[in-house]
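Source file input-v1.cif; content: mmCIF, C-alpha atoms.
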```cif
data_query
loop_
_atom_site.group_PDB
_atom_site.id
_atom_site.type_symbol
_atom_site.label_atom_id
_atom_site.label_comp_id
_atom_site.auth_asym_id
_atom_site.auth_seq_id
_atom_site.Cartn_x
_atom_site.Cartn_y
_atom_site.Cartn_z
ATOM 1 C CA MET Z 5 -8.923 28.392 10.239
ATOM 2 C CA SER Z 6 -10.573 30.251 13.131
ATOM 3 C CA ASN Z 7 -11.219 26.855 14.746
ATOM 4 C CA VAL Z 8 -7.487 26.189 14.623
ATOM 5 C CA PHE Z 9 -6.613 29.526 16.261
ATOM 6 C CA LYS Z 10 -9.293 28.964 18.878
ATOM 7 C CA ALA Z 11 -7.863 25.513 19.634
ATOM 8 C CA LEU Z 12 -4.292 26.805 19.820
ATOM 9 C CA SER Z 13 -5.218 29.766 22.006
ATOM 10 C CA ASP Z 14 -5.635 27.580 25.076
ATOM 11 C CA PRO Z 15 -2.521 26.397 26.976
ATOM 12 C CA THR Z 16 -4.157 23.127 28.032
ATOM 13 C CA ARG Z 17 -4.995 22.206 24.462
ATOM 14 C CA ARG Z 18 -1.494 23.187 23.368
ATOM 15 C CA LYS Z 19 -0.133 20.916 26.092
ATOM 16 C CA VAL Z 20 -2.323 18.084 24.796
ATOM 17 C CA LEU Z 21 -0.880 18.591 21.309
ATOM 18 C CA GLU Z 22 2.647 18.686 22.734
ATOM 19 C CA LEU Z 23 2.005 15.354 24.497
ATOM 20 C CA LEU Z 24 0.629 13.857 21.289
ATOM 21 C CA ARG Z 25 3.814 14.878 19.455
ATOM 22 C CA GLN Z 26 5.515 12.057 21.391
ATOM 23 C CA GLY Z 27 3.032 9.593 19.879
ATOM 24 C CA PRO Z 28 -0.601 8.471 20.079
ATOM 25 C CA LYS Z 29 -2.085 8.323 23.574
ATOM 26 C CA THR Z 30 -5.333 7.174 25.097
ATOM 27 C CA ALA Z 31 -7.801 9.670 26.572
ATOM 28 C CA GLY Z 32 -6.944 8.321 30.032
ATOM 29 C CA GLU Z 33 -3.200 8.834 29.564
ATOM 30 C CA LEU Z 34 -3.775 12.396 28.427
ATOM 31 C CA ALA Z 35 -6.260 13.203 31.198
ATOM 32 C CA ALA Z 36 -3.786 11.879 33.792
ATOM 33 C CA GLU Z 37 -1.426 14.718 32.859
ATOM 34 C CA PHE Z 38 -3.940 17.384 33.907
ATOM 35 C CA ASN Z 39 -5.614 18.161 37.171
ATOM 36 C CA VAL Z 40 -9.026 18.842 35.659
ATOM 37 C CA SER Z 41 -12.407 17.143 35.647
ATOM 38 C CA LYS Z 42 -13.357 14.654 32.949
ATOM 39 C CA PRO Z 43 -16.028 16.924 31.406
ATOM 40 C CA THR Z 44 -13.507 19.769 31.121
ATOM 41 C CA MET Z 45 -10.950 17.490 29.487
ATOM 42 C CA SER Z 46 -13.634 16.120 27.205
ATOM 43 C CA ALA Z 47 -14.526 19.679 26.176
ATOM 44 C CA HIS Z 48 -10.889 20.330 25.278
ATOM 45 C CA PHE Z 49 -10.766 17.149 23.193
ATOM 46 C CA THR Z 50 -13.955 18.224 21.398
ATOM 47 C CA VAL Z 51 -12.441 21.598 20.474
ATOM 48 C CA LEU Z 52 -9.314 19.881 19.144
ATOM 49 C CA LYS Z 53 -11.386 17.412 17.133
ATOM 50 C CA GLU Z 54 -13.577 20.195 15.700
ATOM 51 C CA ALA Z 55 -10.432 22.006 14.582
ATOM 52 C CA ASN Z 56 -9.278 18.727 12.959
ATOM 53 C CA LEU Z 57 -6.023 18.848 14.910
ATOM 54 C CA VAL Z 58 -6.400 15.406 16.479
ATOM 55 C CA ASP Z 59 -7.832 12.091 15.353
ATOM 56 C CA ALA Z 60 -9.821 10.017 17.829
ATOM 57 C CA THR Z 61 -10.201 6.280 17.209
ATOM 58 C CA ARG Z 62 -12.028 3.895 19.494
ATOM 59 C CA ASN Z 63 -9.918 0.835 20.222
ATOM 60 C CA GLY Z 64 -11.888 -1.504 22.478
ATOM 61 C CA LYS Z 65 -12.805 0.502 25.558
ATOM 62 C CA ALA Z 66 -10.100 3.107 25.042
ATOM 63 C CA ILE Z 67 -10.137 6.105 22.729
ATOM 64 C CA ILE Z 68 -6.768 6.635 21.086
ATOM 65 C CA TYR Z 69 -5.870 10.209 20.182
ATOM 66 C CA ARG Z 70 -3.388 10.926 17.416
ATOM 67 C CA LEU Z 71 -1.840 14.176 16.243
ATOM 68 C CA LYS Z 72 -3.325 15.404 12.973
ATOM 69 C CA LEU Z 73 -1.434 18.630 12.308
ATOM 70 C CA SER Z 74 -0.554 19.910 8.863
ATOM 71 C CA VAL Z 75 2.934 21.400 8.570
ATOM 72 C CA LEU Z 76 1.443 24.908 8.758
ATOM 73 C CA GLU Z 77 -0.548 24.027 11.899
ATOM 74 C CA ASP Z 78 2.568 22.422 13.362
ATOM 75 C CA ALA Z 79 4.483 25.658 12.744
ATOM 76 C CA LEU Z 80 1.631 27.690 14.265
ATOM 77 C CA LEU Z 81 1.732 25.479 17.352
ATOM 78 C CA GLY Z 82 5.476 26.066 17.579
ATOM 79 C CA PHE Z 83 4.987 29.846 17.353
ATOM 80 C CA ALA Z 84 2.149 29.721 19.883
ATOM 81 C CA GLU Z 85 4.399 27.822 22.293
ATOM 82 C CA MET Z 86 7.313 30.172 21.667
ATOM 83 C CA PHE Z 87 5.365 33.349 22.239
ATOM 84 C CA GLY Z 88 2.836 31.944 24.709
ATOM 85 C CA MET Z 89 -0.040 32.892 22.425
ATOM 86 C CA LYS Z 90 -3.202 33.755 24.316
ATOM 87 C CA MET Z 91 -5.748 34.914 21.815
ATOM 88 C CA GLU Z 92 -9.087 36.474 22.591
ATOM 89 C CA THR Z 93 -11.589 34.371 20.695
ATOM 90 C CA GLY Z 94 -14.742 35.510 22.413
ATOM 91 C CA GLU Z 95 -15.033 31.997 23.841
ATOM 92 C CA ASN Z 96 -15.308 31.245 27.503
ATOM 93 C CA ASN Z 97 -12.048 29.383 28.158
ATOM 94 C CA THR Z 98 -12.829 28.675 31.787
ATOM 95 C CA PRO Z 99 -10.526 25.639 32.014
ATOM 96 C CA ASP Z 100 -7.477 27.897 31.524
ATOM 97 C CA THR Z 101 -7.455 29.478 34.932
ATOM 98 C CA LYS Z 102 -7.831 26.126 36.642
ATOM 99 C CA ASN Z 103 -5.111 24.444 34.625
ATOM 100 C CA GLU Z 104 -2.312 26.929 34.418
ATOM 101 C CA PRO Z 105 -0.762 26.380 37.853
ATOM 102 C CA HIS Z 106 -1.004 22.614 37.400
ATOM 103 C CA GLU Z 107 0.619 22.590 33.979
ATOM 104 C CA GLU Z 108 3.880 23.880 35.348
ATOM 105 C CA THR Z 109 4.246 20.738 37.423
ATOM 106 C CA SER Z 110 2.686 18.190 35.136
ATOM 107 C CA LYS Z 111 5.788 17.348 33.030
ATOM 108 C CA MET E 24 -14.201 26.280 1.239
ATOM 109 C CA SER E 25 -17.144 23.971 1.770
ATOM 110 C CA ASP E 26 -16.749 20.631 3.527
ATOM 111 C CA GLN E 27 -18.557 18.765 0.755
ATOM 112 C CA MET E 28 -16.695 15.603 -0.244
ATOM 113 C CA MET E 29 -14.935 15.947 -3.583
ATOM 114 C CA PRO E 30 -15.781 13.002 -5.900
ATOM 115 C CA ARG E 31 -12.975 10.466 -6.208
ATOM 116 C CA ALA E 32 -12.823 10.863 -9.990
ATOM 117 C CA TYR E 33 -11.808 14.566 -9.916
ATOM 118 C CA PRO E 34 -8.249 14.184 -8.594
ATOM 119 C CA LEU E 35 -7.819 10.939 -10.529
ATOM 120 C CA VAL E 36 -8.694 12.601 -13.851
ATOM 121 C CA ALA E 37 -6.593 15.665 -12.952
ATOM 122 C CA CYS E 38 -3.565 13.439 -12.231
ATOM 123 C CA ALA E 39 -4.057 11.610 -15.514
ATOM 124 C CA ALA E 40 -4.259 14.970 -17.315
ATOM 125 C CA VAL E 41 -0.989 16.108 -15.712
ATOM 126 C CA ALA E 42 0.705 12.870 -16.753
ATOM 127 C CA GLY E 43 -0.630 13.257 -20.307
ATOM 128 C CA MET E 44 0.414 16.914 -20.590
ATOM 129 C CA ALA E 45 3.891 16.228 -19.191
ATOM 130 C CA THR E 46 4.373 13.292 -21.579
ATOM 131 C CA TYR E 47 3.406 15.570 -24.472
ATOM 132 C CA CYS E 48 5.912 18.210 -23.280
ATOM 133 C CA ALA E 49 8.607 15.512 -23.000
ATOM 134 C CA LEU E 50 7.912 14.467 -26.612
ATOM 135 C CA LEU E 51 8.248 18.088 -27.714
ATOM 136 C CA GLU E 52 11.431 18.651 -25.685
ATOM 137 C CA PRO E 53 13.131 15.286 -25.024
ATOM 138 C CA GLU E 54 16.325 17.040 -23.846
ATOM 139 C CA LEU E 55 14.405 18.188 -20.725
ATOM 140 C CA LEU E 56 12.994 14.716 -20.040
ATOM 141 C CA VAL E 57 13.956 14.733 -16.340
ATOM 142 C CA PHE E 58 12.345 18.154 -15.847
ATOM 143 C CA TRP E 59 9.065 17.073 -17.410
ATOM 144 C CA ALA E 60 9.153 13.722 -15.614
ATOM 145 C CA VAL E 61 8.815 15.321 -12.155
ATOM 146 C CA ALA E 62 5.079 16.064 -12.473
ATOM 147 C CA PRO E 63 3.885 12.780 -14.020
ATOM 148 C CA ILE E 64 5.830 10.888 -11.377
ATOM 149 C CA ILE E 65 4.801 12.916 -8.322
ATOM 150 C CA MET E 66 1.082 13.365 -9.010
ATOM 151 C CA PRO E 67 0.035 9.768 -9.816
ATOM 152 C CA VAL E 68 2.353 8.439 -7.073
ATOM 153 C CA THR E 69 0.748 10.818 -4.559
ATOM 154 C CA TRP E 70 -2.718 9.787 -5.702
ATOM 155 C CA SER E 71 -1.890 6.058 -5.501
ATOM 156 C CA PHE E 72 -0.237 6.530 -2.107
ATOM 157 C CA GLN E 73 -3.246 8.291 -0.562
ATOM 158 C CA THR E 74 -5.670 5.782 -2.118
ATOM 159 C CA TYR E 75 -3.617 2.876 -0.783
ATOM 160 C CA ARG E 76 -3.351 4.454 2.661
ATOM 161 C CA ARG E 77 -7.111 5.055 2.889
ATOM 162 C CA ARG E 78 -8.417 1.869 1.306
ATOM 163 C CA GLY E 79 -11.608 0.690 2.947
ATOM 164 C CA LYS E 80 -11.681 3.824 5.134
ATOM 165 C CA GLN E 81 -13.176 7.287 4.861
ATOM 166 C CA PRO E 82 -11.073 9.093 2.242
ATOM 167 C CA SER E 83 -9.398 12.356 3.138
ATOM 168 C CA ASN E 84 -11.193 15.248 1.468
ATOM 169 C CA GLU E 85 -8.280 17.587 2.138
ATOM 170 C CA ILE E 86 -5.840 15.326 0.316
ATOM 171 C CA ARG E 87 -8.242 14.979 -2.630
ATOM 172 C CA ARG E 88 -8.599 18.753 -2.848
ATOM 173 C CA SER E 89 -4.837 19.271 -2.557
ATOM 174 C CA ILE E 90 -4.137 16.816 -5.359
ATOM 175 C CA PHE E 91 -6.893 18.245 -7.539
ATOM 176 C CA PHE E 92 -5.886 21.913 -7.204
ATOM 177 C CA ALA E 93 -2.177 21.115 -7.436
ATOM 178 C CA SER E 94 -2.924 19.211 -10.659
ATOM 179 C CA LEU E 95 -4.890 22.152 -12.063
ATOM 180 C CA MET E 96 -1.931 24.464 -11.427
ATOM 181 C CA LEU E 97 0.397 22.036 -13.171
ATOM 182 C CA ILE E 98 -1.941 21.593 -16.131
ATOM 183 C CA PHE E 99 -1.952 25.370 -16.598
ATOM 184 C CA ALA E 100 1.848 25.584 -16.467
ATOM 185 C CA LEU E 101 2.328 22.543 -18.715
ATOM 186 C CA ALA E 102 -0.133 23.898 -21.276
ATOM 187 C CA PHE E 103 1.826 27.159 -21.373
ATOM 188 C CA ALA E 104 5.099 25.233 -21.698
ATOM 189 C CA ALA E 105 3.695 23.092 -24.516
ATOM 190 C CA GLY E 106 2.522 26.234 -26.302
ATOM 191 C CA THR E 107 6.037 27.641 -25.988
ATOM 192 C CA SER E 108 7.572 24.476 -27.432
ATOM 193 C CA LEU E 109 5.202 24.764 -30.379
ATOM 194 C CA ASP E 110 6.590 28.294 -30.986
ATOM 195 C CA LEU E 111 3.372 29.978 -30.006
ATOM 196 C CA PHE E 112 5.489 32.242 -27.760
ATOM 197 C CA ASP E 113 8.901 33.921 -28.133
ATOM 198 C CA ALA E 114 12.158 33.125 -26.230
ATOM 199 C CA ASP E 115 11.438 35.424 -23.277
ATOM 200 C CA GLU E 116 8.021 33.963 -22.851
ATOM 201 C CA ARG E 117 9.597 30.509 -23.089
ATOM 202 C CA THR E 118 11.849 31.264 -20.099
ATOM 203 C CA TRP E 119 8.825 32.655 -18.291
ATOM 204 C CA ALA E 120 6.963 29.405 -18.997
ATOM 205 C CA SER E 121 9.797 27.305 -17.528
ATOM 206 C CA ARG E 122 9.945 29.524 -14.469
ATOM 207 C CA SER E 123 6.186 29.452 -13.957
ATOM 208 C CA TYR E 124 6.251 25.656 -14.204
ATOM 209 C CA GLY E 125 9.063 25.538 -11.637
ATOM 210 C CA LEU E 126 7.256 27.925 -9.284
ATOM 211 C CA LEU E 127 3.987 26.020 -9.562
ATOM 212 C CA MET E 128 5.800 22.717 -9.068
ATOM 213 C CA GLY E 129 7.352 24.171 -5.898
ATOM 214 C CA GLY E 130 3.899 25.335 -4.791
ATOM 215 C CA THR E 131 2.532 21.861 -5.480
ATOM 216 C CA LEU E 132 5.212 20.272 -3.305
ATOM 217 C CA ILE E 133 4.413 22.752 -0.504
ATOM 218 C CA ILE E 134 0.679 21.972 -0.657
ATOM 219 C CA LEU E 135 1.202 18.198 -0.751
ATOM 220 C CA GLY E 136 3.832 18.278 2.004
ATOM 221 C CA ASN E 137 1.658 20.508 4.180
ATOM 222 C CA TYR E 138 -1.218 18.023 4.200
ATOM 223 C CA MET E 139 0.915 14.870 4.315
ATOM 224 C CA PRO E 140 0.933 14.589 8.152
ATOM 225 C CA LYS E 141 -2.883 14.920 8.178
ATOM 226 C CA ASN E 142 -3.319 11.787 6.058
ATOM 227 C CA LEU E 143 -3.167 9.331 8.949
ATOM 228 C CA PRO E 144 -3.045 5.615 8.209
ATOM 229 C CA PRO E 145 -5.729 3.465 9.863
ATOM 230 C CA LEU E 146 -4.572 2.284 13.290
ATOM 231 C CA ASP E 147 -4.562 -1.392 12.339
ATOM 232 C CA GLU E 148 -2.435 -0.779 9.247
ATOM 233 C CA THR E 149 0.604 0.856 10.817
ATOM 234 C CA LYS E 150 3.526 -1.388 9.974
ATOM 235 C CA PHE E 151 5.574 -0.406 12.975
ATOM 236 C CA ASP E 152 5.276 1.499 16.238
ATOM 237 C CA MET E 153 2.592 4.213 15.948
ATOM 238 C CA ALA E 154 4.781 6.881 17.573
ATOM 239 C CA LYS E 155 7.566 6.201 15.078
ATOM 240 C CA ALA E 156 5.127 6.145 12.165
ATOM 241 C CA GLN E 157 3.794 9.548 13.248
ATOM 242 C CA MET E 158 7.304 10.949 13.642
ATOM 243 C CA VAL E 159 8.350 9.788 10.161
ATOM 244 C CA GLN E 160 5.156 11.183 8.634
ATOM 245 C CA ARG E 161 5.710 14.604 10.233
ATOM 246 C CA PHE E 162 9.346 14.541 9.136
ATOM 247 C CA ALA E 163 8.300 13.707 5.556
ATOM 248 C CA GLY E 164 5.785 16.578 5.537
ATOM 249 C CA TRP E 165 8.329 19.125 6.759
ATOM 250 C CA ALA E 166 10.987 17.831 4.340
ATOM 251 C CA LEU E 167 8.614 18.118 1.373
ATOM 252 C CA VAL E 168 7.418 21.620 2.348
ATOM 253 C CA LEU E 169 10.994 22.893 2.794
ATOM 254 C CA ALA E 170 12.060 21.227 -0.468
ATOM 255 C CA GLY E 171 9.059 22.872 -2.172
ATOM 256 C CA ILE E 172 10.053 26.301 -0.830
ATOM 257 C CA GLY E 173 13.626 25.709 -2.033
ATOM 258 C CA TYR E 174 12.364 24.463 -5.402
ATOM 259 C CA ALA E 175 10.204 27.541 -5.962
ATOM 260 C CA LEU E 176 12.941 29.911 -4.729
ATOM 261 C CA ALA E 177 15.540 28.309 -7.021
ATOM 262 C CA TRP E 178 13.257 28.833 -10.037
ATOM 263 C CA PHE E 179 12.488 32.376 -8.901
ATOM 264 C CA VAL E 180 16.027 33.680 -8.394
ATOM 265 C CA LEU E 181 18.460 31.478 -10.379
ATOM 266 C CA PRO E 182 19.165 31.197 -14.128
ATOM 267 C CA THR E 183 17.194 28.404 -15.814
ATOM 268 C CA MET E 184 19.835 25.651 -16.028
ATOM 269 C CA PRO E 185 21.247 25.772 -12.467
ATOM 270 C CA ALA E 186 17.699 26.280 -11.192
ATOM 271 C CA ASN E 187 16.655 23.008 -12.813
ATOM 272 C CA ILE E 188 19.582 21.092 -11.304
ATOM 273 C CA ILE E 189 19.407 22.659 -7.824
ATOM 274 C CA ALA E 190 15.609 22.374 -7.574
ATOM 275 C CA SER E 191 15.605 18.709 -8.629
ATOM 276 C CA GLY E 192 18.538 18.054 -6.282
ATOM 277 C CA LEU E 193 16.593 19.552 -3.356
ATOM 278 C CA VAL E 194 13.630 17.238 -3.967
ATOM 279 C CA LEU E 195 15.906 14.198 -4.288
ATOM 280 C CA PHE E 196 17.748 15.230 -1.104
ATOM 281 C CA ALA E 197 14.462 15.617 0.816
ATOM 282 C CA THR E 198 13.278 12.216 -0.440
ATOM 283 C CA ALA E 199 16.554 10.531 0.506
ATOM 284 C CA LEU E 200 16.477 12.213 3.922
ATOM 285 C CA THR E 201 12.927 10.991 4.555
ATOM 286 C CA LEU E 202 13.725 7.443 3.456
ATOM 287 C CA SER E 203 16.800 7.309 5.683
ATOM 288 C CA ARG E 204 14.788 8.746 8.610
ATOM 289 C CA ARG E 205 12.220 6.014 8.081
ATOM 290 C CA HIS E 206 14.953 3.378 7.890
ATOM 291 C CA PHE E 207 16.596 4.535 11.133
ATOM 292 C CA ALA E 208 13.198 4.810 12.842
ATOM 293 C CA ARG E 209 12.562 1.158 11.979
ATOM 294 C CA LEU E 210 15.948 0.275 13.482
ATOM 295 C CA GLY E 211 14.942 2.156 16.633
ATOM 296 C CA VAL E 212 17.445 5.012 16.275
#
```

Using structure tokens, write down the structure that the file contains.
Amino acid sequence: MSNVFKALSDPTRRKVLELLRQGPKTAGELAAEFNVSKPTMSAHFTVLKEANLVDATRNGKAIIYRLKLSVLEDALLGFAEMFGMKMETGENNTPDTKNEPHEETSK
Amino acid sequence: MSDQMMPRAYPLVACAAVAGMATYCALLEPELLVFWAVAPIIMPVTWSFQTYRRRGKQPSNEIRRSIFFASLMLIFALAFAAGTSLDLFDADERTWASRSYGLLMGGTLIILGNYMPKNLPPLDETKFDMAKAQMVQRFAGWALVLAGIGYALAWFVLPTMPANIIASGLVLFATALTLSRRHFARLGV
């Protein structure tokens, strides 16, 4: 469960989950929504996969990401979005500071 | 909880045990046939559904665990209910048995509904648009969890007879809602 809270504590990862709520997307489509480097985006995807919140399936050259939230995790994501959850996990969430200004304009 | 894969036989045997226990309870109390029928219908159907969805692919350990532990809870409640029907307990304890069965059944629905959106179908097996399939699956999960909460609450606060009717009605309503959502999603609404 701590993996889930860690994953939901980051606004970029929450944005990824929000985008996946609309339907499955490729890694490229998701990365295009953020102004961050590929390794940073890849690190975010890894955290989400470790928390078992997304499913990644290789389809030819593309990797298709799908939402894999239980109802409880879905509700937690909703609460995190509502209250702008920013938990201290002891992790170095360096991508946050780079992404936040961009996320406001990425819709 | 460890991440070790639960053997396939565990939930299968547990589901069969639930079906057997519920059938025995129905034989003891045929007037409550619909009440006893809920468990033997839901558990094997859930097991078959998840097996069908995952055929040829890596099975979902979470779903197996959910089905197994939900079945254990039901077996406990059904055993108590059967004991009551056999006059091993008095009238008060009989009501308590019905209520505990109802509460555990509600809990079972919550557990199954909670994990339903995690049981993704393989990409090549989605019958229609993946986004719509995902939306319907999330809707079904939420509907089942809310119906489960309502089911458990009805058995917790209402007298036995209306609780039975209202709780069963909630599950039927959630099922009908999910089926109609799926139908309209297929039509593109």

Considering all atoms listed in the file, return as a ChimeraX atom specification whatever protein or nucleic-acid residues lie within 9 Å of segment 74-85 of chain Z, sequence-local ones (same chain, fewer than 5 positions apart) excluded. /Z:8-9,12-13,15,18,21-22,57,90 /E:136-141,161,164-165,168

With the PyMOL selection byres ((chain E) within 12 of (chain Z)) as the selection, what would be picked from this file? Answer as a ChimeraX atom specification, please. /E:24,83,85-86,133-147,152-169

One decimal, Å: what's the distance from atom CA of Ala55 of chain Z over to atom CA of Arg205 of chain E, could you say?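 Atom-to-atom, atom CA of Ala55 of chain Z to atom CA of Arg205 of chain E, that is 28.5 Å.
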
Point-to-point distance in Å for atom CA of Tyr124 of chain E and atom CA of Pro182 of chain E: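 Straight-line distance from atom CA of Pro182 of chain E to atom CA of Tyr124 of chain E works out to 14.1 Å.
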
So, with only C-alpha atoms as the atoms that count, which of Z:Val20, Z:Met5, Z:Ala35, Z:Phe87 lies closest to Leu52 of chain Z?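 Smallest distance to Leu52 of chain Z is found for Z:Val20.
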
Please evaluate the PyMOL selection byres ((chain E and resi 42) around 9) against the displayed coordinates and give the resulting residues as number ranges by chain. E: 37-41, 43-47, 60, 62-64, 66-67

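For the pair atom CA of Pro34 of chain E and atom CA of Arg87 of chain E, the interatomic distance is 6.0 Å.
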
Just the residues within 10 Å of Arg88 of chain E, please, counting all atoms listed in the file, with nothing from its chain fewer than 3 positions along; format it as a CSV table (one decimal) with C-alpha atoms, in the frame of the given file.
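Saved result, out_6.csv, follows:
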```csv
chain,number,residue,atom,x,y,z
E,28,MET,CA,-16.7,15.6,-0.2
E,29,MET,CA,-14.9,15.9,-3.6
E,30,PRO,CA,-15.8,13.0,-5.9
E,31,ARG,CA,-13.0,10.5,-6.2
E,33,TYR,CA,-11.8,14.6,-9.9
E,34,PRO,CA,-8.2,14.2,-8.6
E,83,SER,CA,-9.4,12.4,3.1
E,84,ASN,CA,-11.2,15.2,1.5
E,85,GLU,CA,-8.3,17.6,2.1
E,91,PHE,CA,-6.9,18.2,-7.5
E,92,PHE,CA,-5.9,21.9,-7.2
E,93,ALA,CA,-2.2,21.1,-7.4
E,94,SER,CA,-2.9,19.2,-10.7
```

Report, as lines of an AutoDock Vina configuration file, the centre and edge lengths in Å (one decimal) of the axis-aligned box enclosing every listed atom of segment 150-167 of chain E, padded by 4 Å on each side.
```
center_x = 6.8
center_y = 8.9
center_z = 9.5
size_x = 16.4
size_y = 28.5
size_z = 24.2
```

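With only C-alpha atoms as the atoms that count, the minimum distance from Leu109 of chain E to the choices E:Ile65, E:Leu50, E:Leu126, E:Leu97 is reached by E:Leu50.
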
Answer as a PyMOL selection string, residues within 9 Å of (3.7, 27.0, -22.3) using only C-alpha atoms: chain E and resi 99-109+111-112+116-117+119-121+124

Return as a list in words the set of residues that the PyMOL selection byres ((chain E and resi 189) around 12) yields on the displayed structure. Phe58, Gly125, Ala170, Gly171, Gly173, Tyr174, Ala175, Leu176, Ala177, Trp178, Phe179, Val180, Leu181, Pro182, Thr183, Met184, Pro185, Ala186, Asn187, Ile188, Ala190, Ser191, Gly192, Leu193, Val194, Leu195 and Phe196 of chain E

Top pick for closest residue to Arg17 of chain Z, considering Z:Lys53, Z:His48, Z:Lys65, Z:Lys42 and counting all atoms listed in the file: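 Of all the options, Z:His48 lies closest to Arg17 of chain Z.
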
For Tyr69 of chain Z, which residue among Z:Ala11, Z:Ala31, Z:Leu23, Z:Met86 is the nearest when counting only C-alpha atoms?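 For Tyr69 of chain Z, the nearest of the candidates is Z:Ala31.
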
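The shell of residues at most 7 Å from Trp59 of chain E, with all atoms listed in the file counted and near chain neighbours (fewer than 2 positions) removed, consists of Ala45, Cys48, Ala49, Leu55, Leu56, Val57, Val61 and Ala62 of chain E.
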